[in-house]
Amino acid sequence: MKLLKGFMFGMVVLGAVSTSAQAFNVERRVAISRQILVDRMSSRYSIPKYLLDQAQCIAVMRNVKAGFIFGGEGSTGLVSCRLNGGWSVPSFLNTGGVSFGLLIGGQVVDNVLLFMSPYSRQMLNRGSLQFGIDLSVAAGPLGQGVGTNVAPMAHVLVYSSGTGLYAGFSLNGTVMTHGHDRNQILYGKYFSPDQLLSTPGVFVPSVAKPFLNVLEYYAGWVAPK
């Protein structure tokens with residue numbers, strides 16, 4: 001009996017440690033997503049304001065790639081969509097894919113994605129999507145574009161910066177899904193992507209508020225079109 005009690009106590013302790021680690025992991029990923037957006041907008045290659053104003057949704061992701069011959073990739077990030085009066089609570093994102101070819105070295109790529117069309121916003125409500133197939137992708141223009149308010153013809157505009165050596169990075173073919181497990185840790189229960197991306201940001205848990213604050217600072221409220 002003492003052995004059983006000791007085992008049960010150990011399981012409770014391990015469960016508490018696991019829960020704490022998961023919560024820390026969520027907080028860390030929020031902090032990384034926030035910093036990626038700050039770094040991009042404070043750099044000399046900031047995203048033009050007129051494009052931020054046109055964006056239906058904005059996602060921030062860190063993509064990690066490494067491999068030789070067969071290259072694997074994976075990342076995590078956050079996405080929020082524009083609502084009447086502000087931005088939605090964020091949803092965690094995951095991306096992954098496999099690249100075939102001679103790939104040498106590793107790379108960490110920070111991405112800011114602008115979902116420019118109503119269709120791209122609808123696609124975010126799905127469980128998964130594939131760039132280049134479900135949604136067209138283009139590199140976003142740089143500079144503030146004074147007197148310009150025309151966005152490139154693509155569903156998604158991508159701003160990327162990377163460190164490390166890696167040949168042939170491309171978002172085309174990448175599959176993106178919502179991070180349901182992390183969302184459940186953040187919000188305390190399961191919510192669909194559609195529910196999260198239509199919920200006003202005032203209901204965001206405090207741990208994710210720093211990301212939303214930065215998003216609202218750089219891409220303040222503009223009525224969705």
# chains A, B, ... in the order shown; residues from 1 in each chain; ligands from 1
>>> residues_around(residues="segment 61-63 of chain A", least_positions_apart="5", cutoff="10 Å", atoms="only C-alpha atoms", output="compact mmCIF listing (two decimals) with N, CA and C atoms, in the first residue's frame")
# COMPACT_ATOMS: atom_id res chain seq x y z
N ARG A 29 6.70 30.79 -26.24
CA ARG A 29 6.37 30.91 -27.66
C ARG A 29 5.64 32.23 -27.94
N ILE A 32 8.43 34.81 -28.07
CA ILE A 32 9.18 34.74 -29.32
C ILE A 32 8.40 35.39 -30.45
N SER A 33 7.11 35.10 -30.54
CA SER A 33 6.28 35.68 -31.60
C SER A 33 6.23 37.20 -31.47
N ARG A 34 6.09 37.68 -30.26
CA ARG A 34 6.08 39.12 -30.03
C ARG A 34 7.39 39.75 -30.49
N ILE A 36 9.60 38.67 -32.67
CA ILE A 36 9.78 38.62 -34.13
C ILE A 36 9.11 39.83 -34.78
N LEU A 37 7.90 40.15 -34.34
CA LEU A 37 7.19 41.29 -34.91
C LEU A 37 7.88 42.60 -34.56
N GLU A 73 11.39 20.34 -41.66
CA GLU A 73 11.18 21.69 -41.16
C GLU A 73 10.01 21.70 -40.20
N GLY A 74 9.98 22.66 -39.33
CA GLY A 74 8.86 22.79 -38.41
C GLY A 74 8.92 24.14 -37.74
N SER A 75 7.79 24.63 -37.32
CA SER A 75 7.79 25.94 -36.67
C SER A 75 6.55 26.10 -35.83
N THR A 76 6.52 27.18 -35.13
CA THR A 76 5.33 27.54 -34.36
C THR A 76 5.19 29.05 -34.37
N GLY A 77 4.01 29.52 -34.12
CA GLY A 77 3.78 30.96 -34.10
C GLY A 77 2.37 31.28 -33.66
N LEU A 78 1.94 32.50 -33.94
CA LEU A 78 0.62 32.97 -33.56
C LEU A 78 -0.01 33.71 -34.72
N VAL A 79 -1.34 33.68 -34.79
CA VAL A 79 -2.07 34.45 -35.79
C VAL A 79 -3.26 35.13 -35.13
N PHE A 92 -2.51 29.65 -31.84
CA PHE A 92 -1.19 29.10 -32.13
C PHE A 92 -1.20 28.42 -33.48
N LEU A 93 -0.05 28.46 -34.15
CA LEU A 93 0.12 27.83 -35.45
C LEU A 93 1.30 26.87 -35.43
N ASN A 94 1.21 25.84 -36.26
CA ASN A 94 2.33 24.95 -36.52
C ASN A 94 2.51 24.85 -38.03
N THR A 95 3.74 24.72 -38.47
CA THR A 95 3.97 24.46 -39.89
C THR A 95 4.95 23.31 -40.01
N GLY A 96 4.88 22.63 -41.14
CA GLY A 96 5.80 21.52 -41.37
C GLY A 96 5.78 21.12 -42.82
N GLN A 107 18.91 26.34 -40.60
CA GLN A 107 18.52 27.74 -40.62
C GLN A 107 17.30 27.97 -39.74
N VAL A 108 17.30 29.11 -39.09
CA VAL A 108 16.13 29.60 -38.36
C VAL A 108 15.62 30.81 -39.12
N VAL A 109 14.36 30.76 -39.55
CA VAL A 109 13.78 31.83 -40.34
C VAL A 109 12.59 32.41 -39.60
N ASP A 110 12.63 33.70 -39.36
CA ASP A 110 11.51 34.40 -38.73
C ASP A 110 10.63 34.99 -39.82
N ASN A 111 9.34 34.70 -39.74
CA ASN A 111 8.40 35.12 -40.77
C ASN A 111 7.26 35.94 -40.20
N VAL A 112 6.91 37.00 -40.91
CA VAL A 112 5.66 37.72 -40.66
C VAL A 112 4.81 37.56 -41.91
N LEU A 113 3.61 37.04 -41.75
CA LEU A 113 2.73 36.77 -42.88
C LEU A 113 1.50 37.66 -42.81
N SER A 160 10.44 37.62 -44.50
CA SER A 160 11.29 36.62 -43.85
C SER A 160 12.68 37.18 -43.59
N SER A 161 13.26 36.71 -42.50
CA SER A 161 14.66 36.99 -42.20
C SER A 161 15.22 35.75 -41.54
N GLY A 162 16.46 35.39 -41.89
CA GLY A 162 16.99 34.15 -41.37
C GLY A 162 18.44 34.24 -40.95
N LEU A 171 8.45 29.06 -48.74
CA LEU A 171 7.22 28.75 -48.02
C LEU A 171 6.27 27.90 -48.85
>>> closest_atom_pairs(of="segment 33-140 of chain A", to="segment 213-216 of chain A", cutoff="9 Å", atoms="only C-alpha atoms", output="JSON lines")
{"residue": "A:Arg34", "atom": "CA", "partner": "A:Val214", "partner_atom": "CA", "distance": 6.7}
{"residue": "A:Gln35", "atom": "CA", "partner": "A:Val214", "partner_atom": "CA", "distance": 9.0}
{"residue": "A:Leu37", "atom": "CA", "partner": "A:Val214", "partner_atom": "CA", "distance": 7.6}
{"residue": "A:Val38", "atom": "CA", "partner": "A:Val214", "partner_atom": "CA", "distance": 7.2}
{"residue": "A:Ile58", "atom": "CA", "partner": "A:Leu215", "partner_atom": "CA", "distance": 8.4}
{"residue": "A:Ser80", "atom": "CA", "partner": "A:Leu215", "partner_atom": "CA", "distance": 8.6}
{"residue": "A:Gly86", "atom": "CA", "partner": "A:Glu216", "partner_atom": "CA", "distance": 7.5}
{"residue": "A:Trp87", "atom": "CA", "partner": "A:Glu216", "partner_atom": "CA", "distance": 7.3}
>>> write_last_selection(atoms="N, CA and C atoms", output="tab-separated table (two decimals), in the first residue's frame")
chain	number	residue	atom	x	y	z
A	34	ARG	N	6.09	37.68	-30.26
A	34	ARG	CA	6.08	39.12	-30.03
A	34	ARG	C	7.39	39.75	-30.49
A	35	GLN	N	8.52	39.12	-30.15
A	35	GLN	CA	9.82	39.70	-30.47
A	35	GLN	C	10.08	39.70	-31.96
A	37	LEU	N	7.90	40.15	-34.34
A	37	LEU	CA	7.19	41.29	-34.91
A	37	LEU	C	7.88	42.60	-34.56
A	38	VAL	N	8.35	42.74	-33.32
A	38	VAL	CA	9.07	43.95	-32.91
A	38	VAL	C	10.34	44.12	-33.73
A	58	ILE	N	-2.81	38.66	-39.46
A	58	ILE	CA	-1.35	38.72	-39.40
A	58	ILE	C	-0.86	37.54	-38.57
A	80	SER	N	-3.57	36.33	-35.59
A	80	SER	CA	-4.74	37.08	-35.12
A	80	SER	C	-5.39	37.73	-36.32
A	86	GLY	N	-10.92	46.10	-33.29
A	86	GLY	CA	-9.61	45.62	-32.84
A	86	GLY	C	-9.23	44.32	-33.49
A	87	TRP	N	-8.42	43.53	-32.77
A	87	TRP	CA	-7.92	42.25	-33.27
A	87	TRP	C	-8.47	41.11	-32.43
>>> closest_residue(among="A:Gln54, A:Ser88, A:Asn172, A:Ser43", to="Pro152 of chain A", atoms="only C-alpha atoms")
A:Gln54
>>> residues_around(residues="segment 185-190 of chain A", least_positions_apart="3", cutoff="10 Å", atoms="only C-alpha atoms", output="PyMOL selection string")
chain A and resi 19+22-23+25-27+89-92+180-182+193+195-196+203-208
>>> decode(residues="segment 194-218 of chain A", atoms="N, CA and C atoms", output="compact mmCIF listing (two decimals), in the first residue's frame")
# COMPACT_ATOMS: atom_id res chain seq x y z
N ASP A 194 -12.05 29.03 -35.96
CA ASP A 194 -13.06 30.03 -36.28
C ASP A 194 -13.54 30.75 -35.03
N GLN A 195 -13.73 30.01 -33.94
CA GLN A 195 -14.16 30.64 -32.69
C GLN A 195 -13.11 31.60 -32.16
N LEU A 196 -11.85 31.18 -32.18
CA LEU A 196 -10.79 32.04 -31.66
C LEU A 196 -10.62 33.29 -32.51
N LEU A 197 -10.58 33.12 -33.82
CA LEU A 197 -10.29 34.25 -34.71
C LEU A 197 -11.49 35.17 -34.91
N SER A 198 -12.60 34.88 -34.25
CA SER A 198 -13.74 35.78 -34.26
C SER A 198 -14.06 36.31 -32.87
N THR A 199 -13.18 36.00 -31.90
CA THR A 199 -13.36 36.47 -30.53
C THR A 199 -12.53 37.73 -30.29
N PRO A 200 -13.14 38.82 -29.82
CA PRO A 200 -12.40 40.07 -29.60
C PRO A 200 -11.22 39.89 -28.65
N GLY A 201 -10.16 40.62 -28.92
CA GLY A 201 -8.94 40.52 -28.15
C GLY A 201 -9.06 40.90 -26.69
N VAL A 202 -10.13 41.59 -26.30
CA VAL A 202 -10.29 41.96 -24.89
C VAL A 202 -10.42 40.72 -24.01
N PHE A 203 -10.73 39.58 -24.62
CA PHE A 203 -10.90 38.34 -23.87
C PHE A 203 -9.63 37.49 -23.85
N VAL A 204 -8.52 38.04 -24.35
CA VAL A 204 -7.29 37.26 -24.40
C VAL A 204 -6.74 37.03 -23.00
N PRO A 205 -6.24 35.82 -22.69
CA PRO A 205 -5.58 35.58 -21.40
C PRO A 205 -4.35 36.46 -21.25
N SER A 206 -4.03 36.79 -20.03
CA SER A 206 -2.95 37.75 -19.77
C SER A 206 -1.62 37.30 -20.35
N VAL A 207 -1.37 35.98 -20.42
CA VAL A 207 -0.09 35.49 -20.91
C VAL A 207 0.12 35.84 -22.39
N ALA A 208 -0.97 35.98 -23.15
CA ALA A 208 -0.86 36.29 -24.58
C ALA A 208 -1.07 37.76 -24.88
N LYS A 209 -1.35 38.56 -23.88
CA LYS A 209 -1.62 39.98 -24.08
C LYS A 209 -0.42 40.73 -24.67
N PRO A 210 0.83 40.42 -24.28
CA PRO A 210 1.97 41.15 -24.87
C PRO A 210 2.02 41.05 -26.39
N PHE A 211 1.68 39.90 -26.95
CA PHE A 211 1.68 39.76 -28.40
C PHE A 211 0.61 40.65 -29.02
N LEU A 212 -0.58 40.64 -28.42
CA LEU A 212 -1.68 41.43 -28.97
C LEU A 212 -1.40 42.92 -28.83
N ASN A 213 -0.74 43.32 -27.74
CA ASN A 213 -0.40 44.74 -27.55
C ASN A 213 0.52 45.24 -28.67
N VAL A 214 1.52 44.42 -29.03
CA VAL A 214 2.46 44.81 -30.07
C VAL A 214 1.76 44.84 -31.43
N LEU A 215 0.90 43.87 -31.68
CA LEU A 215 0.15 43.83 -32.93
C LEU A 215 -0.72 45.08 -33.07
N GLU A 216 -1.40 45.45 -32.01
CA GLU A 216 -2.25 46.64 -32.05
C GLU A 216 -1.42 47.91 -32.18
N TYR A 217 -0.22 47.92 -31.64
CA TYR A 217 0.64 49.10 -31.73
C TYR A 217 1.08 49.35 -33.17
N TYR A 218 1.49 48.29 -33.86
CA TYR A 218 2.00 48.44 -35.22
C TYR A 218 0.90 48.39 -36.28
